[in-house]
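Data block below; observations after.
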Amino acid sequence: FPEKAVATMAAIAANAEEGVDRCQIYNFIRDFTPMPVGSIEAVVSCAAKTAVDLSAALGCIVVFSELGFRANLASKYRPAVPIVVVTSLDHVARHTNTAYGQYAFKIPEPADPETETYWTARALLFALEHNLCHPGAKVVIIGGVAGATNTVNSIPSYRILDAPGIYKRKVAQHAVPGSEFAQFAVQKDHKTVSLRATAISLEEVFSPEAPKRKTKIVCTMGPACWDEESVGQLLDAGMSVARFNFSHGDHEGHQQVLDRVRKVITEKGANCACLLDTKGP
């Protein structure tokens, strides 16, 4: 049952992410990053710091990254929220499936200073539609610089906006409506903290709204999942990367499976990367 294995792994990854001390991770990565960093990394890394400081108030990070450079820097610091990558390039959009927290928002042509505001609004709607951000949340926007092209050498702009809509918190399933416990479960003024490896609040434990998984799932395409139906099930279960092991089989057989995978991806309108693991000596 390949699709159940993928779904189980995706659920485990999403659950494990909730136990991560984001402040500790950010400080650890920053402490072991050679200083001084470049101007672009100095700006982009602020997004992860903002995610720590704003906590649940931050919904997602939107980064204009035509070539993927800025997006990868954002992923480096392991922010607690999804990263919406705005790009017009197919290969960059596919590459987001291999990077932590990234979700591609593909646009027809590269953004420029005149169209950046329009694509920012569209990216926010994309984030809401795909449950990457809740309505009314704060959103970090990493954009370009007026008068400069959106390349790896452009120093990005940094701003914080509000996502469209009003966020209405849901009452936890385990709470009786109107009870003191229900009030306690949905309000953020008071928190009961369970200390394991990290601090996890009671609100997080009982929240009916699971956060978006940021860890990506790589699936080796074996004979049990070579047909189109199985490929579709793997995509629905959470497959991010389809891996082809060239240590087994021949090029013709792998090509047939690869064509099948790409066909299903196109039909479902999904975003999935393909990894060709070549045979060693």
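In the structure tokens, each chain is lettered A, B, ... as it comes, each chain's residues begin at 1, and ligands are numbered from 1 in order of appearance.
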
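Residues in contact with Ser65 of chain A at up to 9 Å, not including ones fewer than 2 positions away on its chain and judged by only C-alpha atoms, are Val63, Leu67, Gly68, Phe69, Arg70, Ala71, Asn72, Val85, Val86, Thr87, Val92, Ile142, Gly143, Gly144, Asn150, Thr151 and Val152 of chain A.
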
| field | Nearby residues (only C-alpha atoms) at most 10 Å from Gly222 of chain A, same-chain spacing under 5 positions excluded, as JSON, numbers by chain | value | {"A": [2, 243, 244, 245, 248, 257]}

| field | Surrounding residues of segment 96-109 of chain A excluding itself and chain neighbours under 2 positions, 6 Å, only C-alpha atoms, as a ChimeraX atom specification | value | /A:75,82-88,93-94,214-215,240,273

| task | Could you find all residues in segment 9-120 of chain A that DSSP calls strand (DSSP E) from the backbone, and write them as a VMD selection string? | result | chain A and resid 58 to 64 83 to 87 102 to 106

Could those selected residues go to a file with N, CA, C and O atoms, as a short mmCIF file (atom, residue, chain, number, x, y, z; two decimals), in the first residue's frame?
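Dumped everything to selection.cif:
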data_model
loop_
_atom_site.label_atom_id
_atom_site.label_comp_id
_atom_site.auth_asym_id
_atom_site.auth_seq_id
_atom_site.Cartn_x
_atom_site.Cartn_y
_atom_site.Cartn_z
N LEU A 58 1.75 35.22 12.10
CA LEU A 58 2.27 35.20 10.74
C LEU A 58 1.71 34.00 10.00
O LEU A 58 1.82 32.86 10.45
N GLY A 59 1.12 34.25 8.82
CA GLY A 59 0.52 33.18 8.05
C GLY A 59 1.48 32.48 7.11
O GLY A 59 1.55 31.25 7.06
N CYS A 60 2.23 33.27 6.33
CA CYS A 60 3.17 32.68 5.38
C CYS A 60 4.18 33.74 4.94
O CYS A 60 4.08 34.92 5.33
N ILE A 61 5.13 33.31 4.13
CA ILE A 61 6.14 34.19 3.54
C ILE A 61 5.96 34.12 2.03
O ILE A 61 5.91 33.03 1.46
N VAL A 62 5.85 35.26 1.37
CA VAL A 62 5.79 35.32 -0.09
C VAL A 62 7.10 35.90 -0.58
O VAL A 62 7.47 37.01 -0.20
N VAL A 63 7.81 35.15 -1.43
CA VAL A 63 9.10 35.62 -1.91
C VAL A 63 9.13 35.59 -3.43
O VAL A 63 8.84 34.57 -4.05
N PHE A 64 9.43 36.74 -4.03
CA PHE A 64 9.62 36.81 -5.47
C PHE A 64 11.03 36.32 -5.76
O PHE A 64 12.02 36.98 -5.43
N ILE A 83 6.46 28.92 2.60
CA ILE A 83 7.10 29.92 1.75
C ILE A 83 6.48 29.83 0.36
O ILE A 83 6.63 28.82 -0.32
N VAL A 84 5.76 30.86 -0.05
CA VAL A 84 5.16 30.89 -1.39
C VAL A 84 6.17 31.51 -2.34
O VAL A 84 6.55 32.68 -2.17
N VAL A 85 6.62 30.73 -3.31
CA VAL A 85 7.67 31.17 -4.23
C VAL A 85 7.04 31.63 -5.53
O VAL A 85 6.41 30.85 -6.24
N VAL A 86 7.21 32.91 -5.86
CA VAL A 86 6.65 33.48 -7.08
C VAL A 86 7.71 33.43 -8.16
O VAL A 86 8.76 34.08 -8.06
N THR A 87 7.46 32.67 -9.22
CA THR A 87 8.41 32.52 -10.32
C THR A 87 7.67 32.22 -11.60
O THR A 87 6.54 31.72 -11.58
N GLN A 102 8.72 25.24 0.78
CA GLN A 102 8.41 26.01 -0.42
C GLN A 102 7.21 25.45 -1.18
O GLN A 102 7.07 24.24 -1.34
N TYR A 103 6.36 26.38 -1.67
CA TYR A 103 5.23 26.04 -2.52
C TYR A 103 5.21 27.05 -3.67
O TYR A 103 5.23 28.26 -3.44
N ALA A 104 5.19 26.54 -4.89
CA ALA A 104 5.34 27.40 -6.06
C ALA A 104 4.04 28.08 -6.46
O ALA A 104 2.98 27.45 -6.50
N PHE A 105 4.14 29.37 -6.77
CA PHE A 105 3.07 30.11 -7.41
C PHE A 105 3.62 30.60 -8.74
O PHE A 105 4.40 31.54 -8.80
N LYS A 106 3.25 29.90 -9.81
CA LYS A 106 3.84 30.16 -11.12
C LYS A 106 3.07 31.26 -11.84
O LYS A 106 1.83 31.23 -11.91
#

| field | Surrounding residues of segment 162-164 of chain A excluding itself and chain neighbours under 3 positions, 12 Å, only C-alpha atoms, as number ranges by chain | value | A: 57-62, 120-129, 132-141, 159, 167

| note | Among A:Ala47, A:Glu66, A:Gln24, A:Gln233, Ile160 of chain A is approached most closely, using only C-alpha atoms, by A:Ala47

| field | Which residue of A:Glu267, A:Asp31, A:Asp277, A:Glu41 approaches Ile155 of chain A most closely, using only C-alpha atoms | value | A:Glu41
